[in-house]
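Okay, model05.cif is below, mmCIF, C-alpha atoms and all ligand atoms:
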```
data_data
loop_
_atom_site.group_PDB
_atom_site.id
_atom_site.type_symbol
_atom_site.label_atom_id
_atom_site.label_comp_id
_atom_site.auth_asym_id
_atom_site.auth_seq_id
_atom_site.Cartn_x
_atom_site.Cartn_y
_atom_site.Cartn_z
ATOM 1 C CA MET A 1 0.000 0.000 0.000
ATOM 2 C CA SER A 2 2.371 2.664 1.177
ATOM 3 C CA ASP A 3 6.067 3.173 0.780
ATOM 4 C CA ARG A 4 7.699 1.616 3.826
ATOM 5 C CA SER A 5 11.240 1.753 2.467
ATOM 6 C CA HIS A 6 12.178 4.143 5.280
ATOM 7 C CA LEU A 7 11.804 1.178 7.639
ATOM 8 C CA ASP A 8 15.228 0.075 6.544
ATOM 9 C CA THR A 9 16.779 3.362 7.546
ATOM 10 C CA PRO A 10 18.455 3.385 10.941
ATOM 11 C CA LEU A 11 17.056 5.805 13.470
ATOM 12 C CA SER A 12 20.257 7.786 13.541
ATOM 13 C CA ASN A 13 19.869 8.657 9.847
ATOM 14 C CA TRP A 14 16.471 10.167 10.537
ATOM 15 C CA MET A 15 17.176 12.137 13.662
ATOM 16 C CA LYS A 16 18.894 15.448 13.341
ATOM 17 C CA GLU A 17 22.153 15.449 15.294
ATOM 18 C CA SER A 18 20.939 18.452 17.224
ATOM 19 C CA ASP A 19 18.065 16.358 18.583
ATOM 20 C CA LEU A 20 20.335 13.750 20.080
ATOM 21 C CA PRO A 21 22.230 14.205 23.347
ATOM 22 C CA LEU A 22 25.620 14.116 21.713
ATOM 23 C CA GLY A 23 27.379 16.294 24.249
ATOM 24 C CA SER A 24 29.700 13.466 25.142
ATOM 25 C CA ALA A 25 30.285 10.059 23.662
ATOM 26 C CA ASP A 26 29.333 8.491 26.982
ATOM 27 C CA SER A 27 26.031 10.253 27.347
ATOM 28 C CA ASN A 28 24.347 8.130 24.682
ATOM 29 C CA PRO A 29 26.800 5.518 23.524
ATOM 30 C CA GLY A 30 24.196 3.098 22.126
ATOM 31 C CA ARG A 31 24.347 -0.649 22.567
ATOM 32 C CA GLY A 32 27.873 -1.920 21.944
ATOM 33 C CA ALA A 33 28.939 1.337 20.340
ATOM 34 C CA SER A 34 32.574 2.174 20.063
ATOM 35 C CA PRO A 35 33.427 5.081 22.360
ATOM 36 C CA HIS A 36 34.917 6.787 19.281
ATOM 37 C CA ARG A 37 31.668 6.742 17.340
ATOM 38 C CA ARG A 38 29.072 9.195 18.500
ATOM 39 C CA ILE A 39 26.079 7.667 16.705
ATOM 40 C CA ASP A 40 25.618 3.935 16.638
ATOM 41 C CA ARG A 41 24.609 2.379 13.317
ATOM 42 C CA PRO A 42 22.340 -0.482 14.309
ATOM 43 C CA ASP A 43 21.067 -3.120 11.954
ATOM 44 C CA PRO A 44 17.305 -2.979 12.583
ATOM 45 C CA THR A 45 16.891 -6.603 11.537
ATOM 46 C CA VAL A 46 19.119 -7.805 14.374
ATOM 47 C CA GLY A 47 18.139 -7.777 18.022
ATOM 48 C CA PRO A 48 15.143 -6.191 19.669
ATOM 49 C CA LEU A 49 13.408 -3.162 18.247
ATOM 50 C CA LEU A 50 12.372 -1.780 21.607
ATOM 51 C CA GLU A 51 13.910 -2.736 24.937
ATOM 52 C CA ALA A 52 13.480 -1.919 28.590
ATOM 53 C CA ARG A 53 16.406 -2.694 30.862
ATOM 54 C CA ALA A 54 16.056 -2.786 34.658
ATOM 55 C CA VAL A 55 13.414 -0.082 34.521
ATOM 56 C CA ARG A 56 12.115 1.313 37.784
ATOM 57 C CA LYS A 57 9.377 3.851 38.234
ATOM 58 C CA SER A 58 7.646 5.212 41.303
ATOM 59 C CA TYR A 59 5.042 7.926 41.644
ATOM 60 C CA ARG A 60 5.146 10.388 44.485
ATOM 61 C CA LYS A 61 1.979 11.718 46.048
ATOM 62 C CA SER A 62 2.734 14.194 48.872
ATOM 63 C CA SER A 63 5.028 12.235 51.181
ATOM 64 C CA LEU A 64 3.872 8.880 49.828
ATOM 65 C CA GLU A 65 6.029 6.997 47.346
ATOM 66 C CA ILE A 66 4.203 4.441 45.199
ATOM 67 C CA PRO A 67 6.652 1.986 43.633
ATOM 68 C CA VAL A 68 5.111 0.681 40.403
ATOM 69 C CA LEU A 69 7.859 -0.825 38.230
ATOM 70 C CA LYS A 70 10.595 -2.556 40.223
ATOM 71 C CA GLY A 71 13.119 -3.644 37.600
ATOM 72 C CA VAL A 72 11.388 -4.449 34.324
ATOM 73 C CA ASP A 73 13.297 -6.114 31.480
ATOM 74 C CA LEU A 74 11.491 -6.476 28.177
ATOM 75 C CA ASP A 75 12.348 -6.916 24.482
ATOM 76 C CA ALA A 76 9.932 -6.272 21.641
ATOM 77 C CA ARG A 77 11.327 -7.872 18.518
ATOM 78 C CA LEU A 78 11.022 -6.497 15.026
ATOM 79 C CA GLY A 79 7.770 -7.629 13.424
ATOM 80 C CA GLU A 80 6.209 -9.211 16.482
ATOM 81 C CA PHE A 81 2.830 -8.588 18.053
ATOM 82 C CA MET A 82 3.419 -8.553 21.783
ATOM 83 C CA ALA A 83 0.836 -8.290 24.529
ATOM 84 C CA ILE A 84 1.534 -7.047 28.050
ATOM 85 C CA VAL A 85 -1.015 -8.285 30.576
ATOM 86 C CA GLY A 86 -1.487 -7.780 34.296
ATOM 87 C CA GLN A 87 -4.009 -6.742 36.908
ATOM 88 C CA SER A 88 -5.439 -3.263 36.998
ATOM 89 C CA GLY A 89 -2.959 -0.916 38.640
ATOM 90 C CA CYS A 90 0.070 -3.163 38.101
ATOM 91 C CA GLY A 91 1.811 -0.597 35.900
ATOM 92 C CA LYS A 92 1.003 -1.598 32.306
ATOM 93 C CA SER A 93 0.201 1.933 31.134
ATOM 94 C CA THR A 94 3.165 3.273 33.062
ATOM 95 C CA LEU A 95 5.449 0.842 31.228
ATOM 96 C CA LEU A 96 3.943 1.652 27.817
ATOM 97 C CA HIS A 97 4.358 5.374 28.477
ATOM 98 C CA LEU A 98 8.016 4.803 29.326
ATOM 99 C CA LEU A 99 8.540 2.728 26.167
ATOM 100 C CA GLY A 100 6.919 5.530 24.167
ATOM 101 C CA THR A 101 9.012 8.243 25.879
ATOM 102 C CA LEU A 102 5.902 9.949 27.224
ATOM 103 C CA ASP A 103 7.533 9.669 30.625
ATOM 104 C CA ALA A 104 11.032 8.807 31.867
ATOM 105 C CA PRO A 105 12.068 5.986 34.213
ATOM 106 C CA ASP A 106 13.621 6.749 37.602
ATOM 107 C CA GLU A 107 16.258 4.111 36.918
ATOM 108 C CA GLY A 108 17.090 1.789 34.043
ATOM 109 C CA GLU A 109 17.175 2.372 30.319
ATOM 110 C CA ILE A 110 14.974 2.209 27.241
ATOM 111 C CA TYR A 111 16.486 1.446 23.829
ATOM 112 C CA PHE A 112 14.981 1.776 20.356
ATOM 113 C CA GLU A 113 17.010 0.092 17.613
ATOM 114 C CA ASN A 114 19.931 -0.020 20.020
ATOM 115 C CA ASN A 115 19.792 3.715 20.648
ATOM 116 C CA ARG A 116 19.150 4.801 24.189
ATOM 117 C CA ILE A 117 16.010 6.933 24.147
ATOM 118 C CA ASP A 118 14.935 7.488 27.755
ATOM 119 C CA ASN A 119 17.479 10.270 28.203
ATOM 120 C CA LEU A 120 16.798 12.160 24.963
ATOM 121 C CA PRO A 121 15.939 15.831 25.328
ATOM 122 C CA ASN A 122 12.311 16.800 24.750
ATOM 123 C CA ALA A 123 12.812 17.715 21.089
ATOM 124 C CA GLY A 124 14.366 14.322 20.369
ATOM 125 C CA ARG A 125 11.570 12.497 22.160
ATOM 126 C CA GLU A 126 8.947 14.428 20.250
ATOM 127 C CA LEU A 127 10.644 13.681 16.949
ATOM 128 C CA LEU A 128 10.910 10.018 17.858
ATOM 129 C CA ARG A 129 7.228 9.817 18.764
ATOM 130 C CA ASN A 130 6.206 11.667 15.658
ATOM 131 C CA LYS A 131 8.316 9.712 13.173
ATOM 132 C CA TYR A 132 8.764 6.252 14.654
ATOM 133 C CA PHE A 133 6.067 5.517 17.223
ATOM 134 C CA GLY A 134 2.349 5.301 16.635
ATOM 135 C CA MET A 135 0.185 5.297 19.747
ATOM 136 C CA ILE A 136 -3.402 4.389 20.444
ATOM 137 C CA PHE A 137 -5.241 4.629 23.742
ATOM 138 C CA GLN A 138 -8.358 3.274 25.413
ATOM 139 C CA PHE A 139 -10.207 6.592 25.084
ATOM 140 C CA TYR A 140 -8.978 7.402 21.551
ATOM 141 C CA HIS A 141 -7.847 10.996 22.287
ATOM 142 C CA LEU A 142 -9.305 12.405 19.056
ATOM 143 C CA LEU A 143 -9.689 16.162 18.646
ATOM 144 C CA PRO A 144 -13.441 16.838 18.916
ATOM 145 C CA GLU A 145 -13.581 19.809 16.529
ATOM 146 C CA LEU A 146 -11.843 18.012 13.659
ATOM 147 C CA THR A 147 -13.333 15.573 11.169
ATOM 148 C CA THR A 148 -12.175 11.986 10.925
ATOM 149 C CA LEU A 149 -9.937 12.842 7.963
ATOM 150 C CA GLU A 150 -8.469 15.902 9.719
ATOM 151 C CA ASN A 151 -7.796 13.880 12.884
ATOM 152 C CA VAL A 152 -5.825 11.374 10.811
ATOM 153 C CA LEU A 153 -3.807 14.240 9.301
ATOM 154 C CA VAL A 154 -2.883 15.851 12.634
ATOM 155 C CA PRO A 155 0.522 14.105 13.024
ATOM 156 C CA MET A 156 1.571 15.384 9.591
ATOM 157 C CA MET A 157 0.483 18.931 10.487
ATOM 158 C CA ILE A 158 2.648 18.668 13.604
ATOM 159 C CA ALA A 159 5.589 17.054 11.814
ATOM 160 C CA GLU A 160 5.853 19.610 9.031
ATOM 161 C CA ASP A 161 5.904 23.362 9.130
ATOM 162 C CA GLY A 162 2.953 25.179 7.571
ATOM 163 C CA PHE A 163 4.488 25.546 4.120
ATOM 164 C CA GLY A 164 5.876 22.004 4.044
ATOM 165 C CA TYR A 165 2.500 20.606 4.973
ATOM 166 C CA TRP A 166 0.710 22.791 2.422
ATOM 167 C CA ARG A 167 3.147 21.729 -0.326
ATOM 168 C CA ARG A 168 2.559 18.027 0.322
ATOM 169 C CA ARG A 169 -1.068 18.274 1.409
ATOM 170 C CA SER A 170 -2.522 16.261 -1.482
ATOM 171 C CA GLU A 171 -0.016 13.468 -0.853
ATOM 172 C CA HIS A 172 -0.889 13.435 2.881
ATOM 173 C CA ARG A 173 -4.598 13.541 2.091
ATOM 174 C CA ARG A 174 -4.278 10.636 -0.316
ATOM 175 C CA ARG A 175 -2.473 8.592 2.304
ATOM 176 C CA ALA A 176 -4.999 9.496 5.012
ATOM 177 C CA ILE A 177 -7.831 8.367 2.712
ATOM 178 C CA GLU A 178 -5.964 5.102 2.016
ATOM 179 C CA LEU A 179 -5.614 4.519 5.745
ATOM 180 C CA LEU A 180 -9.275 5.269 6.397
ATOM 181 C CA ASP A 181 -10.046 2.752 3.680
ATOM 182 C CA LEU A 182 -7.732 0.228 5.353
ATOM 183 C CA VAL A 183 -9.624 0.525 8.644
ATOM 184 C CA GLY A 184 -13.012 0.514 6.879
ATOM 185 C CA LEU A 185 -13.951 4.152 7.422
ATOM 186 C CA THR A 186 -14.078 5.546 3.888
ATOM 187 C CA HIS A 187 -17.708 6.547 4.465
ATOM 188 C CA ARG A 188 -16.966 8.511 7.660
ATOM 189 C CA GLN A 189 -14.332 11.004 6.486
ATOM 190 C CA LYS A 190 -16.374 14.099 7.268
ATOM 191 C CA HIS A 191 -17.809 12.964 10.580
ATOM 192 C CA LYS A 192 -16.727 14.540 13.853
ATOM 193 C CA PRO A 193 -15.740 12.182 16.717
ATOM 194 C CA ARG A 194 -19.090 12.726 18.507
ATOM 195 C CA GLU A 195 -20.813 11.362 15.389
ATOM 196 C CA LEU A 196 -18.790 8.128 15.471
ATOM 197 C CA SER A 197 -19.216 4.897 17.415
ATOM 198 C CA GLY A 198 -16.488 3.761 19.831
ATOM 199 C CA GLY A 199 -15.136 1.260 17.322
ATOM 200 C CA GLU A 200 -15.088 3.930 14.597
ATOM 201 C CA MET A 201 -13.242 6.326 16.903
ATOM 202 C CA GLN A 202 -10.633 3.655 17.645
ATOM 203 C CA ARG A 203 -10.282 2.894 13.934
ATOM 204 C CA THR A 204 -9.739 6.621 13.325
ATOM 205 C CA ALA A 205 -7.088 6.585 16.052
ATOM 206 C CA ILE A 206 -5.381 3.616 14.368
ATOM 207 C CA ALA A 207 -5.322 5.449 11.021
ATOM 208 C CA ARG A 208 -3.902 8.525 12.772
ATOM 209 C CA ALA A 209 -1.238 6.392 14.451
ATOM 210 C CA LEU A 210 -0.179 5.014 11.072
ATOM 211 C CA ILE A 211 -0.065 8.197 8.976
ATOM 212 C CA ALA A 212 3.586 8.900 9.736
ATOM 213 C CA GLN A 213 4.496 5.274 8.944
ATOM 214 C CA PRO A 214 5.738 4.327 12.397
ATOM 215 C CA ARG A 215 8.019 1.397 13.081
ATOM 216 C CA VAL A 216 6.185 0.384 16.193
ATOM 217 C CA LEU A 217 2.609 0.755 17.350
ATOM 218 C CA LEU A 218 2.091 1.123 21.098
ATOM 219 C CA ALA A 219 -1.499 0.344 22.042
ATOM 220 C CA ASP A 220 -2.872 0.891 25.547
ATOM 221 C CA GLU A 221 -6.067 -1.123 26.081
ATOM 222 C CA PRO A 222 -7.230 -0.482 22.500
ATOM 223 C CA THR A 223 -10.364 -2.564 23.098
ATOM 224 C CA GLY A 224 -10.916 -1.560 26.727
ATOM 225 C CA ASN A 225 -13.853 0.709 25.999
ATOM 226 C CA LEU A 226 -15.506 -1.449 23.353
ATOM 227 C CA ASP A 227 -17.966 -4.335 23.355
ATOM 228 C CA LYS A 228 -16.608 -7.797 22.627
ATOM 229 C CA SER A 229 -17.317 -7.989 18.899
ATOM 230 C CA THR A 230 -16.151 -4.408 18.206
ATOM 231 C CA GLY A 231 -13.018 -5.169 20.218
ATOM 232 C CA GLU A 232 -12.440 -8.238 18.059
ATOM 233 C CA GLU A 233 -12.740 -6.085 14.923
ATOM 234 C CA ILE A 234 -10.026 -3.785 16.256
ATOM 235 C CA ILE A 235 -7.769 -6.744 17.059
ATOM 236 C CA THR A 236 -8.380 -8.153 13.568
ATOM 237 C CA ILE A 237 -7.180 -4.835 12.101
ATOM 238 C CA LEU A 238 -4.082 -4.847 14.328
ATOM 239 C CA ARG A 239 -3.359 -8.476 13.466
ATOM 240 C CA ARG A 240 -3.626 -7.664 9.749
ATOM 241 C CA LEU A 241 -1.299 -4.675 10.057
ATOM 242 C CA ASN A 242 1.186 -6.888 11.856
ATOM 243 C CA LYS A 243 1.003 -9.705 9.310
ATOM 244 C CA GLU A 244 0.673 -7.762 6.061
ATOM 245 C CA GLN A 245 2.765 -4.692 6.837
ATOM 246 C CA LYS A 246 5.124 -6.335 9.365
ATOM 247 C CA LEU A 247 4.220 -3.645 11.853
ATOM 248 C CA THR A 248 5.674 -4.307 15.310
ATOM 249 C CA ILE A 249 2.930 -3.936 17.911
ATOM 250 C CA VAL A 250 3.197 -3.712 21.689
ATOM 251 C CA MET A 251 -0.289 -3.883 23.168
ATOM 252 C CA VAL A 252 -1.370 -3.563 26.774
ATOM 253 C CA THR A 253 -4.541 -5.352 27.776
ATOM 254 C CA HIS A 254 -6.116 -6.855 30.878
ATOM 255 C CA ASP A 255 -8.184 -9.194 28.689
ATOM 256 C CA ALA A 256 -6.629 -12.662 28.338
ATOM 257 C CA GLN A 257 -8.707 -13.461 25.243
ATOM 258 C CA ILE A 258 -7.475 -10.332 23.484
ATOM 259 C CA ALA A 259 -3.895 -11.079 24.571
ATOM 260 C CA ALA A 260 -4.204 -14.582 23.079
ATOM 261 C CA GLU A 261 -4.332 -12.945 19.630
ATOM 262 C CA ALA A 262 -0.743 -11.737 20.046
ATOM 263 C CA ASP A 263 2.384 -13.748 19.161
ATOM 264 C CA ARG A 264 3.730 -13.448 22.677
ATOM 265 C CA THR A 265 2.351 -12.411 26.027
ATOM 266 C CA ILE A 266 4.314 -11.134 28.954
ATOM 267 C CA ALA A 267 2.772 -10.654 32.373
ATOM 268 C CA LEU A 268 3.558 -7.843 34.786
ATOM 269 C CA VAL A 269 3.290 -9.013 38.366
ATOM 270 C CA GLU A 270 4.255 -6.934 41.368
ATOM 271 C CA GLY A 271 6.283 -4.549 39.266
ATOM 272 C CA ARG A 272 8.287 -7.160 37.369
ATOM 273 C CA VAL A 273 7.922 -9.332 34.298
ATOM 274 C CA GLN A 274 6.819 -12.754 35.463
ATOM 275 C CA ASP A 275 9.424 -15.423 34.768
ATOM 276 C CA ASN A 276 7.100 -18.004 33.325
ATOM 277 C CA ALA A 277 5.413 -15.602 30.907
ATOM 278 C CA VAL A 278 4.130 -17.256 27.747
ATOM 279 C CA GLY A 279 6.760 -16.789 25.078
HETATM 280 N N1 LIG B 1 0.488 10.246 37.886
HETATM 281 C C1 LIG B 1 0.373 9.364 38.881
HETATM 282 N N2 LIG B 1 0.529 9.779 40.176
HETATM 283 C C2 LIG B 1 0.430 8.894 41.187
HETATM 284 N N3 LIG B 1 0.160 7.585 41.034
HETATM 285 C C3 LIG B 1 -0.020 7.136 39.789
HETATM 286 C C4 LIG B 1 0.061 7.997 38.645
HETATM 287 N N4 LIG B 1 -0.158 7.262 37.523
HETATM 288 C C5 LIG B 1 -0.375 6.001 37.946
HETATM 289 N N5 LIG B 1 -0.297 5.919 39.294
HETATM 290 C C6 LIG B 1 -0.450 4.686 40.105
HETATM 291 O O1 LIG B 1 0.466 3.738 39.573
HETATM 292 C C7 LIG B 1 -0.108 2.453 39.534
HETATM 293 C C8 LIG B 1 0.007 1.884 38.121
HETATM 294 O O2 LIG B 1 -0.816 2.641 37.247
HETATM 295 P P1 LIG B 1 -1.018 2.231 35.722
HETATM 296 O O3 LIG B 1 -1.952 3.214 35.138
HETATM 297 O O4 LIG B 1 0.297 2.063 35.080
HETATM 298 O O5 LIG B 1 -1.717 0.790 35.892
HETATM 299 P P2 LIG B 1 -2.366 -0.163 34.784
HETATM 300 O O6 LIG B 1 -1.746 -1.507 34.955
HETATM 301 O O7 LIG B 1 -2.300 0.478 33.462
HETATM 302 O O8 LIG B 1 -3.895 -0.228 35.279
HETATM 303 P P3 LIG B 1 -5.237 -0.386 34.398
HETATM 304 O O9 LIG B 1 -5.293 -1.820 33.933
HETATM 305 O O10 LIG B 1 -6.313 -0.106 35.409
HETATM 306 O O11 LIG B 1 -5.190 0.605 33.283
HETATM 307 C C9 LIG B 1 -1.523 2.592 40.040
HETATM 308 O O12 LIG B 1 -1.564 2.178 41.383
HETATM 309 C C10 LIG B 1 -1.823 4.074 39.946
HETATM 310 O O13 LIG B 1 -2.675 4.499 40.957
HETATM 311 MG MG MG B 2 -3.713 1.262 32.141
#
```
Structure encoded using C-alpha cells:
Amino acid sequence: MSDRSHLDTPLSNWMKESDLPLGSADSNPGRGASPHRRIDRPDPTVGPLLEARAVRKSYRKSSLEIPVLKGVDLDARLGEFMAIVGQSGCGKSTLLHLLGTLDAPDEGEIYFENNRIDNLPNAGRELLRNKYFGMIFQFYHLLPELTTLENVLVPMMIAEDGFGYWRRRSEHRRRAIELLDLVGLTHRQKHKPRELSGGEMQRTAIARALIAQPRVLLADEPTGNLDKSTGEEIITILRRLNKEQKLTIVMVTHDAQIAAEADRTIALVEGRVQDNAVG
C-alpha cells in the first residue's frame, strides 16, 4: 500500500544530530557502540526493536512513594505482536508510556534500535514519537472539533511546518484516505468524533497512528472501551497490520482473550515481568 522503504533506515539517519544528546560520547553511547563513534549504526533486523532494561518507576503523592515498576526487562522484537497483561494498577500503562518516551524511568534504560532513548531531550523524544512511534489509547484521544480525515492528518500537520504541509497536502490527504479505507472508514471522512461509534473512533485513532508510517505501534487497552465484537474487529485490524505490513505492535490489555491474539504475552506481576510468561 504505502512506501515503507524508510523502515530500513536506521534511526540515527532520521534524527537530526541536534536532537540527540551528543554532548559526550558516553552520554548516549548506544548498545555496543565504540566510544569513538558518537552515533551507533544499528542493523534494525538484528536484536530487539524496543527494549526496557532494569526499569524502575515510582510515583510520588505528597510524602507517599508508590513503587510501580521494580526492575522491568522487556524486548519487543522487530515484526512481532506482543501483549503485556497484568491486573489493573500493576503498571502496564506506566510501562507503555516509558517505552513511548511519554515519561522517563527513575532508573534503568529504554532502547529503540539499540539507541538509548529514555534520556533524549524533549525535542528528540517528540521527533521520535512523531516519526517512529504510533500510539493508540483506550479513550482514543481524538480532537473533537476536527473531522475523521483531519484527525488522521494531525501528526503530519505537527511534523511539518505550515508551508511544508501545504506543499505536500494532497499526498498526505491521499495517504490518510488510504488509511481510512484500510480501517473501513471511507464513508466517515467528514464525521466529527461525537458522530462516530467507539469502534469507529478507535479505527480513526489507528489510522492517525499510522499516517507517519511508524516502526512500532504502542497500544494501551485499544479494546478496553468497546464491546466484545467491536473489540475483536479492532484486534483483527491490528493483526492484519502486523502480518501484512510487518508492523511491530506492543499492546497492553487486561483481557486474556485479546492477549491470546498476540504472538507473545508477557505478564507484569508486582512490578516485574513474570518469569514463566508465555513466550
Ligand atoms: N500520575 C500518577 N501519580 C500517582 N500515582 C499514579 C500515577 N499514575 C499512575 N499511578 C499509580 O500507579 C499504579 C500503576 O498505574 P497504571 O496506570 O500504570 O496501571 P495499569 O496496569 O495500566 O492499570 P489499568 O489496567 O487499570 O489501566 C496505580 O496504582 C496508579 O494508581
Ligand atoms: Mg492502564
Exercise for the section: Kindly resolve the PyMOL selection byres (((not hetatm)) within 12 of (chain B and resi 1)) on the present coordinates and return the residues as number ranges by chain. Expected result: A: 57-70, 84-98, 102-103, 137-139, 219-225, 251-255, 267-272
Fill in the blank from the handout: re atom CA of A:Leu182 and atom CA of A:Asn242: distance 13.1 Å
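Going from atom CA of A:Asn114 to atom CA of A:Phe133 covers 15.2 Å.
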Exercise for the section: Step by step, work through what the PyMOL selection byres (((chain A and resi 51) around 7) and not hetatm) selects in the shown file, and finish by giving those residues as a PyMOL selection string. Expected result: chain A and resi 48-50+52-53+74-76+110-112
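Computed from the coordinates, the atom CA of A:Leu146 to atom CA of A:Arg194 distance equals 10.2 Å.
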Suppose a student applies the PyMOL selection byres (((chain A and resi 212) around 8) and not hetatm) to this structure; what residues should they get, written as a compact mmCIF listing (two decimals) with C-alpha atoms, in the coordinates of the input?
```txt
# COMPACT_ATOMS: atom_id res chain seq x y z
CA ASN A 130 6.21 11.67 15.66
CA LYS A 131 8.32 9.71 13.17
CA TYR A 132 8.76 6.25 14.65
CA GLY A 134 2.35 5.30 16.64
CA PRO A 155 0.52 14.10 13.02
CA MET A 156 1.57 15.38 9.59
CA ALA A 209 -1.24 6.39 14.45
CA LEU A 210 -0.18 5.01 11.07
CA ILE A 211 -0.06 8.20 8.98
CA GLN A 213 4.50 5.27 8.94
CA PRO A 214 5.74 4.33 12.40
```
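When all atoms listed in the file are used to measure the gap to A:Val72, the shortest distance among A:Gly164, A:Gly47, A:Gly199, A:Pro105 belongs to A:Pro105.
Nearest residue to A:Glu178, choosing from A:Leu153, A:Leu196, A:Asn115, A:Gly79 and counting all atoms listed in the file: A:Leu153.
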Quick one: stretch 177-196 of chain A with N, CA and C atoms, as a short mmCIF file (atom, residue, chain, number, x, y, z; two decimals), in the frame of the given file?
```
data_model
loop_
_atom_site.label_atom_id
_atom_site.label_comp_id
_atom_site.auth_asym_id
_atom_site.auth_seq_id
_atom_site.Cartn_x
_atom_site.Cartn_y
_atom_site.Cartn_z
N ILE A 177 -6.64 9.03 3.28
CA ILE A 177 -7.83 8.37 2.71
C ILE A 177 -7.56 6.87 2.55
N GLU A 178 -6.35 6.53 2.12
CA GLU A 178 -5.96 5.10 2.02
C GLU A 178 -6.07 4.41 3.37
N LEU A 179 -5.59 5.12 4.41
CA LEU A 179 -5.61 4.52 5.74
C LEU A 179 -7.04 4.37 6.27
N LEU A 180 -7.87 5.38 5.98
CA LEU A 180 -9.28 5.27 6.40
C LEU A 180 -9.95 4.11 5.67
N ASP A 181 -9.54 3.89 4.44
CA ASP A 181 -10.05 2.75 3.68
C ASP A 181 -9.58 1.45 4.35
N LEU A 182 -8.31 1.42 4.72
CA LEU A 182 -7.73 0.23 5.35
C LEU A 182 -8.48 -0.16 6.63
N VAL A 183 -8.91 0.84 7.40
CA VAL A 183 -9.62 0.52 8.64
C VAL A 183 -11.15 0.53 8.45
N GLY A 184 -11.58 0.63 7.19
CA GLY A 184 -13.01 0.51 6.88
C GLY A 184 -13.82 1.75 7.21
N LEU A 185 -13.23 2.93 7.06
CA LEU A 185 -13.95 4.15 7.42
C LEU A 185 -14.08 5.14 6.27
N THR A 186 -14.00 4.65 5.05
CA THR A 186 -14.08 5.55 3.89
C THR A 186 -15.34 6.42 3.95
N HIS A 187 -16.41 5.85 4.46
CA HIS A 187 -17.71 6.55 4.46
C HIS A 187 -17.86 7.50 5.65
N ARG A 188 -16.83 7.67 6.46
CA ARG A 188 -16.97 8.51 7.66
C ARG A 188 -15.96 9.67 7.69
N GLN A 189 -15.40 9.99 6.53
CA GLN A 189 -14.33 11.00 6.49
C GLN A 189 -14.71 12.35 7.07
N LYS A 190 -15.98 12.74 6.87
CA LYS A 190 -16.37 14.10 7.27
C LYS A 190 -17.06 14.14 8.63
N HIS A 191 -17.16 12.99 9.26
CA HIS A 191 -17.81 12.96 10.58
C HIS A 191 -16.89 13.51 11.65
N LYS A 192 -17.48 14.13 12.67
CA LYS A 192 -16.73 14.54 13.85
C LYS A 192 -16.76 13.37 14.84
N PRO A 193 -15.78 13.32 15.78
CA PRO A 193 -15.74 12.18 16.72
C PRO A 193 -17.08 11.91 17.41
N ARG A 194 -17.83 12.97 17.79
CA ARG A 194 -19.09 12.73 18.51
C ARG A 194 -20.13 12.03 17.62
N GLU A 195 -19.88 12.03 16.31
CA GLU A 195 -20.81 11.36 15.39
C GLU A 195 -20.36 9.94 15.04
N LEU A 196 -19.33 9.47 15.74
CA LEU A 196 -18.79 8.13 15.47
C LEU A 196 -19.07 7.19 16.64
#
```
